[in-house]
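Below is one structure, written out as structure tokens; comments come after it.
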There are 2 protein chains.
Amino acid sequence: MAEKVTIATVARHARVSRQTVSNVINAPHIVRPETRQRVQEAIVTLGYRANQAARQMRTGRSRLIAVRIEPTRDGINGSVLDRFLHGLTETAEASGYRVMLYTAADDDREIATYGDLLSAYDLDGFVITGTDHGDPRTAWLAEREIPFVTFGRPWDHPEAHSWVDVDGAAGTREATAHLVAAGHLRIGFIGWPAGSGVGDDRRAGWHRALLGAGVDPDGLDAETEDGIAEGARATRELLARPTPPTALVCASDSLALGALQALRTAGTTLPVIGFDDTPVAAAIGLSSVSQPLGDAAARCVDLLTDLLDGPHRDPRQVLLRPELVLRHLA
Amino acid sequence: MAEKVTIATVARHARVSRQTVSNVINAPHIVRPETRQRVQEAIVTLGYRANQAARQMRTGRSRLIAVRIEPTRDGINGSVLDRFLHGLTETAEASGYRVMLYTAADDDREIATYGDLLSAYDLDGFVITGTDHGDPRTAWLAEREIPFVTFGRPWDHPEAHSWVDVDGAAGTREATAHLVAAGHLRIGFIGWPAGSGVGDDRRAGWHRALLGAGVDPDGLDAETEDGIAEGARATRELLARPTPPTALVCASDSLALGALQALRTAGTTLPVIGFDDTPVAAAIGLSSVSQPLGDAAARCVDLLTDLLDGPHRDPRQVLLRPELVLRHLA
DNA sequence: GGGCAGGATTGGATCGTTCAAGTTGCTGGA
DNA sequence: TCCAGCAACTTGAACGATCCAATCCTGCCC
């Protein structure tokens with residue numbers, strides 16, 4: 001069992017004071033090169049690592065960022081957050097930060113957890129996923145000037161804080177354009193009920209693409225909650241309309257999967273394009289709009305470390321383009 | 001901006017000393033009930049929360065456990081770890097612990113990360129997933145007497161340390177028995193190459209079930225790496241044998257998915273049962289053996305907190321039974 | 001009423017680090 | 001010669017909790 005190596009151990013070994021060792025670590029330029037060298041050698045020889053708890057007590061900074069892990073809902077969309085989380089952990093490590101997880105049943109309890117994490121662990125910042133109109137969580141954090149970045153736009157006030165998002169409209173527009181190029185005109189859209197920022201955005205992309213192609217989107221749109229069964233129901237409903245669509249763009253892979261099931265049951269085949277490029281889409285050969293989750297996570301960490309360490313602490317925004325992944329089903 | 005509430009603030013407010021407040025928190029029984037009451041009220045009124053960094057400096061304990069987050073490999077099996085992680089975070093929170101994530105490219109670098117986490121953050125313990133024969137990580141931790149629990153058995157030395165695992169053999173046995181009960185005799189198995197603990201275990205369950213039903217398993221077994229394409233190839237190979245199977249049990253949902261694709265291409269249908277009950281299986285109606293991941297995570301936390309706080313610090317083991325989830329494809 | 005036992009409470013030291021305020025030694029200008 | 005000015009390094013104090021040892025009550029018994 002190796003004994004604890006503290007800054008004092010290093011100082012003794014290099015025959016300098018504790019503070020000089022601290023300076024070598026935190027402000028190397030004020031230490032004479034030969035002394036710096038000697039201290040650095042001692043650090044390596046002894047395998048010294050700064051104790052974060054002690055550092056944190058003095059500085060109030062922990063080099064820890066918190067991310068909420070959500071319950072895996074329908075299991076399909078959960079994988080999106082999973083991939084995001086992995087990217088986040090990797091990039092954070094590269095920047096010298098570590099990721100701490102928390103769960104919360106609802107917004108109120110999530111806010112309570114913020115207080116807990118901040119006072120107990122002196123968390124440096126938060127990455128918030130899945131924001132919505134008038135989110136109380138971001139308001140709480142902003143009020144207390146606690147650094148945070150959201151993955152997802154604040155739809156009400158686009159420049160309220162730092163965020164990273166994926167241009168959903170661009171994704172559905174590209175998907176729709178691809179179907180137009182393949183000769184389709186009556187391209188249906190299955191999306192979520194109006195009112196959610198993400199859902200409205202994805203619908204808007206399809207809408208604009210159709211208008212751009214000179215097609216009237218009227219009567220080609222179905223609104224439903226997310227889910228496989230819901231997607232199937234919406235598809236049957238669309239097929240029963242006077243002029244049914246000849247291709248489908250969906251706001252999620254769950255809906256697209258439901259659409260495929262409904263089509264199979266109805267004995268029809270139409271091209272279907274989903275959204276999120278989940279493992280399920282890959283597994284069954286469903287074309288889908290893929291979000292650059294690794295990139296998004298990396299940019300989140302960038303923006304957050306900017307807020308924490310950077311010279312310019314103004315909020316910044318990043319909008320990433322998704323990519324249409326074509327598979328044999330469209 | 002609320003100012004910092006320390007143990008001294010609480011002490012002043014309740015007109016007692018810091019030590020008494022500390023006692024109320026850590027050893028309530030030695031404080032007179034009315035004093036305890038007064039202090040507890042002060043804690044609530046002021047919203048006091050103990051600063052972990054300060055506590056940790058004195059006690060050397062951080063109430064933090066570390067879990068590795070793996071790169072999402074084929075995306076299907078990744079979800080297993082995701083669900084496990086969620087359960088872990090929830091249960092840990094309930095026991096007053098928080099989960100910290102780390103990544104590592106290989107075993108050596110993972111071990112290097114252990115040292116980092118331990119000296120920088122004074123981590124209390126580790127939950128290790130995906131152990132294999134002669135794992136260097138568990139050896140490293142055991143040597144230094146660092147508390148850890150694995151999700152997955154140490155196949156070489158069953159009682160070397162605390163672990164939680166799911167009885168894979170019981171799962172494949174039940175799947176096979178179900179197919180036998182449905183009238184099948186020549187039930188094939190698609191599994192991984194011999195040598196991996198998990199893979200051998202799952203194969204053994206199928207093997208025993210067939211023997212129990214009086215069927216010779218010879219020639220009904222295919223070995224392949226994990227993956228959809230690999231599952232499809234193995235299936236085609238099995239179908240080409242002199243006496244092809246009339247039903248299939250697979251060691252993973254990826255393999256099962258490949259099997260389904262191969263069967264569809266071949267214009268055949270056979271009942272197929274997968275393993276892990278991933279979202280993909282649920283989405284396409286594939287029957288699968290479901291691991292109780294939430295339970296497993298909770299037991300991992302239980303065993304770990306036992307090692308950390310408990311009176312009995314001997315390693316303990318937990319083997320959970322999986323459950324066969326039947327869907328329309330079998 | 002004094003002494004005593006026992007538990008409740010107090011003050012001081014401590015964990016490892018960084019910040020703030022020194023101390024030392026050297027250079028150079030008057 | 002003297003001292004201002006600076007660079008390089010050292011020392012003492014502080015962060016907020018817990019541990020330890022000493023002190024203070026309180027009730028009880030003789």
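A note on labels: chains of the structure tokens are A, B, ... as shown, every chain counts residues from 1, and ligands are counted from 1 in their shown order.
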(message) Tell me as a count of residues only which residues belonging to chain B come within 7 Å of chain A, counting only C-alpha atoms.
(response) 32
(request) Compile the residues of chain B that lie within 8 Å of chain C, evaluated using only C-alpha atoms (C1' of nucleotides), and express the compilation as a PyMOL selection string. (result) chain B and resi 17+19-20+30-32+57-58
(request) DSSP on the backbone, then: every residue of stretch 102-310 of chain B marked helix (DSSP H, G or I), written as a VMD selection string. (result) chain B and resid 107 to 121 136 to 143 168 to 181 197 to 212 228 to 239 253 to 266 279 to 284 293 to 309
(message) Please identify all residues of chain D having at least one atom at most 10 Å from any atom of chain A, considering only C-alpha atoms (C1' of nucleotides), and return them as a PyMOL selection string.
(response) chain D and resi 7-11+14-16
(request) May I ask for the distance between atom CA of A:Leu210 and atom CA of A:Cys250, given in Å to one decimal place? (result)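 Separation between atom CA of A:Leu210 and atom CA of A:Cys250: 14.3 Å.
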(message) List the spatial neighbours of stretch 175-177 of chain B as a PyMOL selection string - criterion: any atom at most 7 Å away, only C-alpha atoms (C1' of nucleotides), same-chain residues fewer than 5 positions off excluded.
(response) chain B and resi 206+209+249+273+324
(message) If I take atom CA of A:Thr172 and atom CA of A:Asp295, how far is one from the other in Å, to one decimal?
(response)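 Calculated distance between atom CA of A:Thr172 and atom CA of A:Asp295 is 19.5 Å.
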(request) From a DSSP calculation on the backbone, collect every residue of stretch 44-87 of chain A in strand (DSSP E) and output the set as a PyMOL selection string. (result) chain A and resi 64-68
(request) For B:Arg15, work out the shell of residues within 9 Å, counting only C-alpha atoms (C1' of nucleotides) and skipping chain neighbours fewer than 4 positions away, then give it as a list of chain:residue names. (result) B:Val10, B:Ala11, B:Arg38, B:Val39
Selected residues written out with C-alpha atoms, as a CSV table (one decimal), in the first residue's frame:
chain,number,residue,atom,x,y,z
B,10,VAL,CA,-25.7,26.2,11.9
B,11,ALA,CA,-23.9,26.0,15.2
B,38,ARG,CA,-32.9,22.4,17.7
B,39,VAL,CA,-29.9,21.6,15.5
